[in-house]
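Q: target-v1.pdb (PDB, C-alpha atoms, pLDDT in the B column) pasted underneath:
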MODEL        1
ATOM      1  CA  MET A  17     146.804 110.568  76.240  1.00 82.00           C
ATOM      2  CA  ILE A  18     144.042 109.885  73.701  1.00 91.00           C
ATOM      3  CA  ALA A  19     142.888 106.803  75.640  1.00 92.00           C
ATOM      4  CA  ARG A  20     142.529 108.893  78.800  1.00 93.00           C
ATOM      5  CA  PHE A  21     140.515 111.510  76.914  1.00 93.00           C
ATOM      6  CA  ILE A  22     138.206 108.846  75.424  1.00 93.00           C
ATOM      7  CA  TYR A  23     137.727 107.319  78.887  1.00 93.00           C
ATOM      8  CA  ARG A  24     136.755 110.703  80.371  1.00 94.00           C
ATOM      9  CA  VAL A  25     134.268 111.379  77.577  1.00 94.00           C
ATOM     10  CA  ARG A  26     132.751 107.899  77.987  1.00 93.00           C
ATOM     11  CA  GLU A  27     132.392 108.349  81.769  1.00 93.00           C
ATOM     12  CA  THR A  28     130.846 111.806  81.333  1.00 94.00           C
ATOM     13  CA  LEU A  29     128.289 110.370  78.898  1.00 93.00           C
ATOM     14  CA  ARG A  30     127.592 107.396  81.196  1.00 91.00           C
ATOM     15  CA  ILE A  31     126.775 109.735  84.089  1.00 91.00           C
ATOM     16  CA  ALA A  32     124.697 112.026  81.871  1.00 93.00           C
ATOM     17  CA  PHE A  33     122.585 109.102  80.648  1.00 92.00           C
ATOM     18  CA  ALA A  34     122.245 107.759  84.223  1.00 93.00           C
ATOM     19  CA  ARG A  35     120.848 111.150  85.289  1.00 92.00           C
ATOM     20  CA  LEU A  36     118.600 111.246  82.221  1.00 93.00           C
ATOM     21  CA  ARG A  37     117.083 107.885  83.270  1.00 94.00           C
ATOM     22  CA  VAL A  38     116.288 109.436  86.673  1.00 94.00           C
ATOM     23  CA  HIS A  39     114.293 112.190  84.988  1.00 93.00           C
ATOM     24  CA  LEU A  40     112.515 109.677  82.757  1.00 93.00           C
ATOM     25  CA  TYR A  41     111.305 107.735  85.813  1.00 94.00           C
ATOM     26  CA  ARG A  42     110.434 110.947  87.670  1.00 94.00           C
ATOM     27  CA  TRP A  43     108.284 111.884  84.682  1.00 94.00           C
ATOM     28  CA  GLN A  44     106.534 108.494  85.080  1.00 93.00           C
ATOM     29  CA  GLY A  45     105.760 109.252  88.746  1.00 93.00           C
ATOM     30  CA  ALA A  46     108.703 107.736  90.640  1.00 93.00           C
ATOM     31  CA  ASP A  47     109.895 109.573  93.750  1.00 95.00           C
ATOM     32  CA  VAL A  48     113.550 109.522  92.711  1.00 95.00           C
ATOM     33  CA  HIS A  49     115.941 112.167  93.999  1.00 95.00           C
ATOM     34  CA  PRO A  50     117.485 114.086  91.074  1.00 93.00           C
ATOM     35  CA  LYS A  51     121.029 113.266  92.263  1.00 93.00           C
ATOM     36  CA  CYS A  52     120.543 109.484  91.918  1.00 95.00           C
ATOM     37  CA  LEU A  53     122.261 107.473  89.196  1.00 95.00           C
ATOM     38  CA  LEU A  54     120.375 104.706  87.370  1.00 96.00           C
ATOM     39  CA  GLY A  55     122.581 102.415  85.302  1.00 95.00           C
ATOM     40  CA  ARG A  56     121.857 101.158  81.793  1.00 95.00           C
ATOM     41  CA  GLY A  57     119.128  98.507  81.735  1.00 95.00           C
ATOM     42  CA  THR A  58     117.693  99.468  85.146  1.00 95.00           C
ATOM     43  CA  ARG A  59     113.954  98.734  85.284  1.00 94.00           C
ATOM     44  CA  LEU A  60     111.320 100.124  87.656  1.00 94.00           C
ATOM     45  CA  GLU A  61     107.930  98.411  87.437  1.00 92.00           C
ATOM     46  CA  HIS A  62     105.084 100.665  88.647  1.00 93.00           C
ATOM     47  CA  PRO A  63     107.508 103.591  89.133  1.00 94.00           C
ATOM     48  CA  TRP A  64     105.030 105.621  91.207  1.00 94.00           C
ATOM     49  CA  THR A  65     105.474 103.051  94.021  1.00 95.00           C
ATOM     50  CA  VAL A  66     109.261 103.572  94.239  1.00 96.00           C
ATOM     51  CA  HIS A  67     111.115 106.054  96.470  1.00 97.00           C
ATOM     52  CA  LEU A  68     114.896 106.493  96.032  1.00 97.00           C
ATOM     53  CA  GLY A  69     116.693 108.810  98.452  1.00 96.00           C
ATOM     54  CA  ALA A  70     119.455 111.256  97.568  1.00 96.00           C
ATOM     55  CA  ARG A  71     122.582 109.946  95.846  1.00 95.00           C
ATOM     56  CA  CYS A  72     121.421 106.350  95.443  1.00 96.00           C
ATOM     57  CA  MET A  73     123.384 104.492  92.810  1.00 96.00           C
ATOM     58  CA  LEU A  74     121.908 101.574  90.889  1.00 97.00           C
ATOM     59  CA  GLN A  75     124.360  99.792  88.627  1.00 96.00           C
ATOM     60  CA  PRO A  76     123.279  98.414  85.232  1.00 96.00           C
ATOM     61  CA  ASP A  77     120.539  95.788  84.947  1.00 97.00           C
ATOM     62  CA  VAL A  78     118.970  96.323  88.392  1.00 97.00           C
ATOM     63  CA  TRP A  79     115.292  95.324  88.415  1.00 97.00           C
ATOM     64  CA  LEU A  80     112.980  96.922  90.968  1.00 97.00           C
ATOM     65  CA  ASN A  81     109.979  94.708  90.311  1.00 95.00           C
ATOM     66  CA  VAL A  82     107.060  96.158  92.242  1.00 94.00           C
ATOM     67  CA  GLY A  83     104.303  93.783  91.193  1.00 88.00           C
ATOM     68  CA  ASP A  84     101.311  95.526  92.760  1.00 87.00           C
ATOM     69  CA  PRO A  85     100.383  99.150  92.059  1.00 87.00           C
ATOM     70  CA  ASP A  86      99.575  99.595  95.782  1.00 89.00           C
ATOM     71  CA  ALA A  87     102.901  98.181  97.031  1.00 94.00           C
ATOM     72  CA  CYS A  88     105.814 100.310  98.242  1.00 96.00           C
ATOM     73  CA  LEU A  89     109.596 100.172  97.809  1.00 97.00           C
ATOM     74  CA  ARG A  90     111.638 102.690  99.832  1.00 97.00           C
ATOM     75  CA  ILE A  91     115.410 102.951  99.474  1.00 98.00           C
ATOM     76  CA  GLY A  92     117.336 105.381 101.690  1.00 97.00           C
ATOM     77  CA  GLU A  93     119.949 107.897 100.649  1.00 97.00           C
ATOM     78  CA  TYR A  94     123.512 106.927  99.715  1.00 98.00           C
ATOM     79  CA  THR A  95     122.500 103.309  99.056  1.00 98.00           C
ATOM     80  CA  PHE A  96     124.399 101.328  96.408  1.00 98.00           C
ATOM     81  CA  ILE A  97     122.756  98.459  94.519  1.00 98.00           C
ATOM     82  CA  GLY A  98     125.016  96.250  92.402  1.00 98.00           C
ATOM     83  CA  ARG A  99     124.639  94.955  88.866  1.00 97.00           C
ATOM     84  CA  GLY A 100     121.934  92.363  88.221  1.00 97.00           C
ATOM     85  CA  THR A 101     120.199  92.713  91.589  1.00 98.00           C
ATOM     86  CA  GLU A 102     116.464  92.006  91.658  1.00 98.00           C
ATOM     87  CA  ILE A 103     114.057  93.281  94.304  1.00 98.00           C
ATOM     88  CA  GLU A 104     110.578  91.715  94.104  1.00 96.00           C
ATOM     89  CA  VAL A 105     107.898  93.647  95.986  1.00 97.00           C
ATOM     90  CA  SER A 106     104.337  92.493  96.550  1.00 94.00           C
ATOM     91  CA  ARG A 107     103.547  94.664  99.614  1.00 94.00           C
ATOM     92  CA  ARG A 108     106.524  96.536 101.154  1.00 97.00           C
ATOM     93  CA  VAL A 109     110.326  96.502 101.158  1.00 98.00           C
ATOM     94  CA  THR A 110     112.341  99.148 103.018  1.00 98.00           C
ATOM     95  CA  ILE A 111     116.115  99.594 102.667  1.00 98.00           C
ATOM     96  CA  GLY A 112     117.877 102.057 104.976  1.00 97.00           C
ATOM     97  CA  LYS A 113     120.524 104.717 104.417  1.00 98.00           C
ATOM     98  CA  GLY A 114     124.015 103.838 103.256  1.00 97.00           C
ATOM     99  CA  ALA A 115     123.273 100.188 102.501  1.00 98.00           C
ATOM    100  CA  LEU A 116     125.613  98.301 100.164  1.00 98.00           C
ATOM    101  CA  ILE A 117     123.951  95.602  98.096  1.00 98.00           C
ATOM    102  CA  ALA A 118     126.425  93.640  95.977  1.00 98.00           C
ATOM    103  CA  PRO A 119     125.770  92.271  92.464  1.00 98.00           C
ATOM    104  CA  GLY A 120     123.281  89.468  91.917  1.00 98.00           C
ATOM    105  CA  VAL A 121     121.337  89.837  95.174  1.00 98.00           C
ATOM    106  CA  PHE A 122     117.671  88.746  95.250  1.00 98.00           C
ATOM    107  CA  ILE A 123     115.249  90.285  97.779  1.00 98.00           C
ATOM    108  CA  THR A 124     111.556  89.344  97.991  1.00 97.00           C
ATOM    109  CA  ASP A 125     108.669  90.044 100.357  1.00 96.00           C
ATOM    110  CA  HIS A 126     106.464  87.175  99.177  1.00 93.00           C
ATOM    111  CA  ASN A 127     106.511  83.408  98.768  1.00 89.00           C
ATOM    112  CA  HIS A 128     104.283  80.529  97.607  1.00 83.00           C
ATOM    113  CA  ALA A 129     102.024  78.733 100.084  1.00 77.00           C
ATOM    114  CA  LEU A 130     102.868  75.060 100.752  1.00 77.00           C
ATOM    115  CA  LYS A 131      99.546  73.598 101.936  1.00 78.00           C
ATOM    116  CA  LEU A 132      98.356  70.223 100.705  1.00 81.00           C
ATOM    117  CA  GLY A 133      94.987  69.770  99.027  1.00 81.00           C
ATOM    118  CA  ALA A 134      95.299  72.288  96.210  1.00 82.00           C
ATOM    119  CA  PRO A 135      97.916  72.814  93.503  1.00 83.00           C
ATOM    120  CA  MET A 136     100.524  75.424  94.438  1.00 79.00           C
ATOM    121  CA  PHE A 137      99.584  77.710  91.560  1.00 79.00           C
ATOM    122  CA  GLN A 138      96.034  77.990  92.985  1.00 80.00           C
ATOM    123  CA  GLN A 139      97.099  78.840  96.532  1.00 80.00           C
ATOM    124  CA  ARG A 140      97.324  82.382  97.788  1.00 79.00           C
ATOM    125  CA  GLY A 141     100.915  83.438  98.406  1.00 81.00           C
ATOM    126  CA  GLU A 142     102.357  84.612 101.708  1.00 87.00           C
ATOM    127  CA  GLU A 143     103.475  88.225 102.069  1.00 91.00           C
ATOM    128  CA  ALA A 144     105.583  89.764 104.833  1.00 95.00           C
ATOM    129  CA  GLU A 145     107.483  93.053 104.879  1.00 97.00           C
ATOM    130  CA  VAL A 146     111.264  93.054 104.450  1.00 98.00           C
ATOM    131  CA  VAL A 147     113.240  95.699 106.362  1.00 98.00           C
ATOM    132  CA  ILE A 148     116.957  96.248 105.769  1.00 98.00           C
ATOM    133  CA  GLY A 149     118.517  98.697 108.218  1.00 98.00           C
ATOM    134  CA  ASP A 150     121.017 101.513 107.745  1.00 98.00           C
ATOM    135  CA  ASP A 151     124.671 100.720 106.957  1.00 97.00           C
ATOM    136  CA  VAL A 152     123.973  97.079 106.000  1.00 98.00           C
ATOM    137  CA  TRP A 153     126.244  95.181 103.600  1.00 98.00           C
ATOM    138  CA  ILE A 154     124.715  92.301 101.633  1.00 98.00           C
ATOM    139  CA  GLY A 155     127.289  90.206  99.752  1.00 98.00           C
ATOM    140  CA  ALA A 156     127.110  89.024  96.146  1.00 98.00           C
ATOM    141  CA  ASN A 157     124.393  86.542  95.158  1.00 98.00           C
ATOM    142  CA  ALA A 158     122.753  86.559  98.607  1.00 98.00           C
ATOM    143  CA  VAL A 159     119.008  85.921  98.921  1.00 98.00           C
ATOM    144  CA  VAL A 160     116.756  87.739 101.422  1.00 98.00           C
ATOM    145  CA  LEU A 161     113.356  86.093 101.881  1.00 97.00           C
ATOM    146  CA  CYS A 162     109.996  87.470 103.025  1.00 95.00           C
ATOM    147  CA  GLY A 163     109.420  88.609 106.589  1.00 96.00           C
ATOM    148  CA  VAL A 164     113.100  89.255 107.331  1.00 98.00           C
ATOM    149  CA  THR A 165     114.463  92.243 109.229  1.00 98.00           C
ATOM    150  CA  ILE A 166     118.207  92.871 108.899  1.00 98.00           C
ATOM    151  CA  GLY A 167     119.398  95.118 111.732  1.00 97.00           C
ATOM    152  CA  GLU A 168     121.516  98.236 111.432  1.00 98.00           C
ATOM    153  CA  GLY A 169     125.161  97.653 110.531  1.00 97.00           C
ATOM    154  CA  ALA A 170     124.753  93.920 109.828  1.00 98.00           C
ATOM    155  CA  VAL A 171     126.745  92.020 107.196  1.00 98.00           C
ATOM    156  CA  VAL A 172     125.328  89.194 105.062  1.00 98.00           C
ATOM    157  CA  ALA A 173     128.006  86.990 103.474  1.00 98.00           C
ATOM    158  CA  ALA A 174     128.068  86.273  99.752  1.00 98.00           C
ATOM    159  CA  GLY A 175     125.732  83.461  98.712  1.00 98.00           C
ATOM    160  CA  ALA A 176     123.829  83.409 102.010  1.00 98.00           C
ATOM    161  CA  VAL A 177     120.095  82.709 102.160  1.00 98.00           C
ATOM    162  CA  VAL A 178     118.534  84.870 104.873  1.00 98.00           C
ATOM    163  CA  ASN A 179     115.239  83.416 106.110  1.00 97.00           C
ATOM    164  CA  ARG A 180     115.308  84.780 109.706  1.00 97.00           C
ATOM    165  CA  ASP A 181     115.916  88.155 111.290  1.00 98.00           C
ATOM    166  CA  VAL A 182     119.519  89.333 111.600  1.00 98.00           C
ATOM    167  CA  ALA A 183     120.571  91.215 114.752  1.00 97.00           C
ATOM    168  CA  PRO A 184     122.201  94.647 114.475  1.00 98.00           C
ATOM    169  CA  TYR A 185     125.972  94.474 113.742  1.00 98.00           C
ATOM    170  CA  ALA A 186     125.847  90.684 113.293  1.00 98.00           C
ATOM    171  CA  ILE A 187     127.709  88.896 110.503  1.00 98.00           C
ATOM    172  CA  VAL A 188     125.735  85.995 109.004  1.00 98.00           C
ATOM    173  CA  GLY A 189     126.511  83.467 106.286  1.00 98.00           C
ATOM    174  CA  GLY A 190     125.517  80.098 104.908  1.00 97.00           C
ATOM    175  CA  VAL A 191     122.370  78.356 103.731  1.00 95.00           C
ATOM    176  CA  PRO A 192     120.309  79.095 105.723  1.00 97.00           C
ATOM    177  CA  ALA A 193     122.159  82.102 107.134  1.00 97.00           C
ATOM    178  CA  LYS A 194     123.522  81.690 110.674  1.00 97.00           C
ATOM    179  CA  PRO A 195     125.563  84.041 112.858  1.00 97.00           C
ATOM    180  CA  ILE A 196     129.307  83.711 112.174  1.00 97.00           C
ATOM    181  CA  GLY A 197     130.556  86.811 113.974  1.00 96.00           C
ATOM    182  CA  ARG A 198     129.955  90.418 115.004  1.00 96.00           C
ATOM    183  CA  ARG A 199     131.314  93.691 113.715  1.00 94.00           C
ATOM    184  CA  ALA A 200     133.867  95.135 116.092  1.00 81.00           C
TER     185      ALA A 200
ENDMDL
END
Just give me the structure as structure tokens.

A:
Amino acid sequence: MIARFIYRVRETLRIAFARLRVHLYRWQGADVHPKCLLGRGTRLEHPWTVHLGARCMLQPDVWLNVGDPDACLRIGEYTFIGRGTEIEVSRRVTIGKGALIAPGVFITDHNHALKLGAPMFQQRGEEAEVVIGDDVWIGANAVVLCGVTIGEGAVVAAGAVVNRDVAPYAIVGGVPAKPIGRRA
């Protein structure tokens, strides 16, 4: 009986602090819907470049690393982002409505150049928008690289490295990710 009471109090406080974090980031200029939940340790770099739709839930230790003050990160309503996920944005990343992003996922819209003749650290990086459609499920520890579009309703298996577009309702897995099925 006492354990149940303590659990309820702890959960009530967890939700209250998650909502308080939303208001902190709204105060800093983020376009975050008031009904979102931001877990403990969640970080938003350049918060004024971030848009979170209604009822988004970010578990603890999610890092929305928008590296350029002119970049844009848009996340649709009812999207869930799991613990320890990192989204690196140099230009633009868009995630649709109702997406499920499991723990440990890495998403980036930029990469190093690979040309010979100059050291890599002196070369200008490559940037290409990442678009993740509505109702997409990305499994734990998957990686989504720059220039990728993941179609509506697609599934990315755990540990996959997505370096090419994924068709709507396709199931992909592996390194690099290849089609392994379709949603029925």

Q: Report as a list of chain:residue names the full result of the PyMOL selection byres ((chain A and resi 158) around 9) when it is applied to this structure.

A: A:Ala118, A:Pro119, A:Gly120, A:Val121, A:Phe122, A:Ile123, A:Ile154, A:Gly155, A:Ala156, A:Asn157, A:Val159, A:Val160, A:Val172, A:Ala173, A:Ala174, A:Gly175, A:Ala176, A:Val177, A:Val178

Q: Specify as a ChimeraX atom specification each residue included when the PyMOL selection byres ((chain A and resi 113) around 9) is applied to this file.

A: /A:69,91-95,111-112,114-115,149-152

Q: Include C-alpha atoms and write out the residues we just selected as a PDB file, keeping the file's coordinate frame.

A:
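And here is the file that came out, part.pdb:
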ATOM      1  CA  GLY A  69     116.693 108.810  98.452  1.00 96.00           C
ATOM      2  CA  ILE A  91     115.410 102.951  99.474  1.00 98.00           C
ATOM      3  CA  GLY A  92     117.336 105.381 101.690  1.00 97.00           C
ATOM      4  CA  GLU A  93     119.949 107.897 100.649  1.00 97.00           C
ATOM      5  CA  TYR A  94     123.512 106.927  99.715  1.00 98.00           C
ATOM      6  CA  THR A  95     122.500 103.309  99.056  1.00 98.00           C
ATOM      7  CA  ILE A 111     116.115  99.594 102.667  1.00 98.00           C
ATOM      8  CA  GLY A 112     117.877 102.057 104.976  1.00 97.00           C
ATOM      9  CA  GLY A 114     124.015 103.838 103.256  1.00 97.00           C
ATOM     10  CA  ALA A 115     123.273 100.188 102.501  1.00 98.00           C
ATOM     11  CA  GLY A 149     118.517  98.697 108.218  1.00 98.00           C
ATOM     12  CA  ASP A 150     121.017 101.513 107.745  1.00 98.00           C
ATOM     13  CA  ASP A 151     124.671 100.720 106.957  1.00 97.00           C
ATOM     14  CA  VAL A 152     123.973  97.079 106.000  1.00 98.00           C
TER      15      VAL A 152
END

Q: So that I can check the surroundings of Gln139 of chain A, please list as an NGL selection string every protein, DNA and RNA residue that reaches within 7 Å of it, counting all atoms listed in the file and ignoring chain neighbours fewer than 4 positions away.

A: :A and (129 or 134-135)

Q: For each of A:Thr101, A:Arg56, A:Cys162, A:Tyr185, take the minimum atom-to-atom distance to Leu29 of chain A, counting only C-alpha atoms, then give the residue where this is smallest.

A: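 When distances to Leu29 of chain A are compared using only C-alpha atoms, the smallest one comes from A:Arg56.
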
Q: Find, counting all atoms listed in the file, the residue in A:Ile97, A:Ala200, A:Leu89, A:Val25 that gets nearest to Gly55 of chain A.

A: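 Once distances to Gly55 of chain A are computed over all atoms listed in the file, the minimum belongs to A:Ile97.
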
Q: Check what the PyMOL selection byres ((chain A and resi 170) around 6) selects in the file above and give those residues as a VMD selection string.

A: chain A and resid 152 167 to 169 171 184 to 187

Q: Please, could N, CA, C and O atoms be added to segment 179-197 of chain A and the result written as a PDB file, keeping the file's coordinate frame?

A:
ATOM      1  N   ASN A 179     116.651  83.731 105.916  1.00 97.00           N
ATOM      2  CA  ASN A 179     115.239  83.416 106.110  1.00 97.00           C
ATOM      3  C   ASN A 179     114.761  83.761 107.519  1.00 97.00           C
ATOM      4  O   ASN A 179     113.631  83.477 107.874  1.00 97.00           O
ATOM      5  N   ARG A 180     115.643  84.341 108.342  1.00 97.00           N
ATOM      6  CA  ARG A 180     115.308  84.780 109.706  1.00 97.00           C
ATOM      7  C   ARG A 180     115.903  86.160 109.936  1.00 97.00           C
ATOM      8  O   ARG A 180     116.846  86.565 109.260  1.00 97.00           O
ATOM      9  N   ASP A 181     115.406  86.829 110.961  1.00 98.00           N
ATOM     10  CA  ASP A 181     115.916  88.155 111.290  1.00 98.00           C
ATOM     11  C   ASP A 181     117.402  88.101 111.629  1.00 98.00           C
ATOM     12  O   ASP A 181     117.899  87.114 112.171  1.00 98.00           O
ATOM     13  N   VAL A 182     118.093  89.199 111.313  1.00 98.00           N
ATOM     14  CA  VAL A 182     119.519  89.333 111.600  1.00 98.00           C
ATOM     15  C   VAL A 182     119.677  90.477 112.599  1.00 98.00           C
ATOM     16  O   VAL A 182     119.181  91.585 112.372  1.00 98.00           O
ATOM     17  N   ALA A 183     120.372  90.209 113.702  1.00 97.00           N
ATOM     18  CA  ALA A 183     120.571  91.215 114.752  1.00 97.00           C
ATOM     19  C   ALA A 183     121.464  92.356 114.251  1.00 97.00           C
ATOM     20  O   ALA A 183     122.295  92.166 113.360  1.00 97.00           O
ATOM     21  N   PRO A 184     121.321  93.543 114.843  1.00 98.00           N
ATOM     22  CA  PRO A 184     122.201  94.647 114.475  1.00 98.00           C
ATOM     23  C   PRO A 184     123.678  94.275 114.676  1.00 98.00           C
ATOM     24  O   PRO A 184     124.037  93.618 115.653  1.00 98.00           O
ATOM     25  N   TYR A 185     124.512  94.660 113.728  1.00 98.00           N
ATOM     26  CA  TYR A 185     125.972  94.474 113.742  1.00 98.00           C
ATOM     27  C   TYR A 185     126.410  93.010 113.703  1.00 98.00           C
ATOM     28  O   TYR A 185     127.574  92.714 113.920  1.00 98.00           O
ATOM     29  N   ALA A 186     125.491  92.101 113.416  1.00 98.00           N
ATOM     30  CA  ALA A 186     125.847  90.684 113.293  1.00 98.00           C
ATOM     31  C   ALA A 186     126.403  90.420 111.896  1.00 98.00           C
ATOM     32  O   ALA A 186     126.093  91.131 110.938  1.00 98.00           O
ATOM     33  N   ILE A 187     127.224  89.388 111.792  1.00 98.00           N
ATOM     34  CA  ILE A 187     127.709  88.896 110.503  1.00 98.00           C
ATOM     35  C   ILE A 187     127.124  87.502 110.341  1.00 98.00           C
ATOM     36  O   ILE A 187     127.302  86.643 111.207  1.00 98.00           O
ATOM     37  N   VAL A 188     126.372  87.291 109.237  1.00 98.00           N
ATOM     38  CA  VAL A 188     125.735  85.995 109.004  1.00 98.00           C
ATOM     39  C   VAL A 188     126.183  85.441 107.655  1.00 98.00           C
ATOM     40  O   VAL A 188     126.534  86.182 106.742  1.00 98.00           O
ATOM     41  N   GLY A 189     126.163  84.106 107.545  1.00 98.00           N
ATOM     42  CA  GLY A 189     126.511  83.467 106.286  1.00 98.00           C
ATOM     43  C   GLY A 189     125.978  82.055 106.252  1.00 98.00           C
ATOM     44  O   GLY A 189     125.620  81.482 107.277  1.00 98.00           O
ATOM     45  N   GLY A 190     125.938  81.481 105.066  1.00 97.00           N
ATOM     46  CA  GLY A 190     125.517  80.098 104.908  1.00 97.00           C
ATOM     47  C   GLY A 190     124.104  79.963 104.386  1.00 97.00           C
ATOM     48  O   GLY A 190     123.411  80.936 104.123  1.00 97.00           O
ATOM     49  N   VAL A 191     123.705  78.681 104.226  1.00 95.00           N
ATOM     50  CA  VAL A 191     122.370  78.356 103.731  1.00 95.00           C
ATOM     51  C   VAL A 191     121.743  77.357 104.686  1.00 95.00           C
ATOM     52  O   VAL A 191     122.183  76.216 104.719  1.00 95.00           O
ATOM     53  N   PRO A 192     120.774  77.731 105.491  1.00 97.00           N
ATOM     54  CA  PRO A 192     120.309  79.095 105.723  1.00 97.00           C
ATOM     55  C   PRO A 192     121.328  79.916 106.523  1.00 97.00           C
ATOM     56  O   PRO A 192     122.204  79.336 107.179  1.00 97.00           O
ATOM     57  N   ALA A 193     121.196  81.216 106.479  1.00 97.00           N
ATOM     58  CA  ALA A 193     122.159  82.102 107.134  1.00 97.00           C
ATOM     59  C   ALA A 193     122.141  81.925 108.643  1.00 97.00           C
ATOM     60  O   ALA A 193     121.078  81.869 109.261  1.00 97.00           O
ATOM     61  N   LYS A 194     123.346  81.807 109.217  1.00 97.00           N
ATOM     62  CA  LYS A 194     123.522  81.690 110.674  1.00 97.00           C
ATOM     63  C   LYS A 194     124.590  82.687 111.110  1.00 97.00           C
ATOM     64  O   LYS A 194     125.475  83.035 110.331  1.00 97.00           O
ATOM     65  N   PRO A 195     124.535  83.122 112.376  1.00 97.00           N
ATOM     66  CA  PRO A 195     125.563  84.041 112.858  1.00 97.00           C
ATOM     67  C   PRO A 195     126.953  83.428 112.780  1.00 97.00           C
ATOM     68  O   PRO A 195     127.152  82.277 113.192  1.00 97.00           O
ATOM     69  N   ILE A 196     127.914  84.174 112.239  1.00 97.00           N
ATOM     70  CA  ILE A 196     129.307  83.711 112.174  1.00 97.00           C
ATOM     71  C   ILE A 196     130.251  84.716 112.811  1.00 97.00           C
ATOM     72  O   ILE A 196     131.458  84.475 112.861  1.00 97.00           O
ATOM     73  N   GLY A 197     129.715  85.819 113.312  1.00 96.00           N
ATOM     74  CA  GLY A 197     130.556  86.811 113.974  1.00 96.00           C
ATOM     75  C   GLY A 197     129.780  88.090 114.234  1.00 96.00           C
ATOM     76  O   GLY A 197     128.584  88.173 114.007  1.00 96.00           O
TER      77      GLY A 197
END
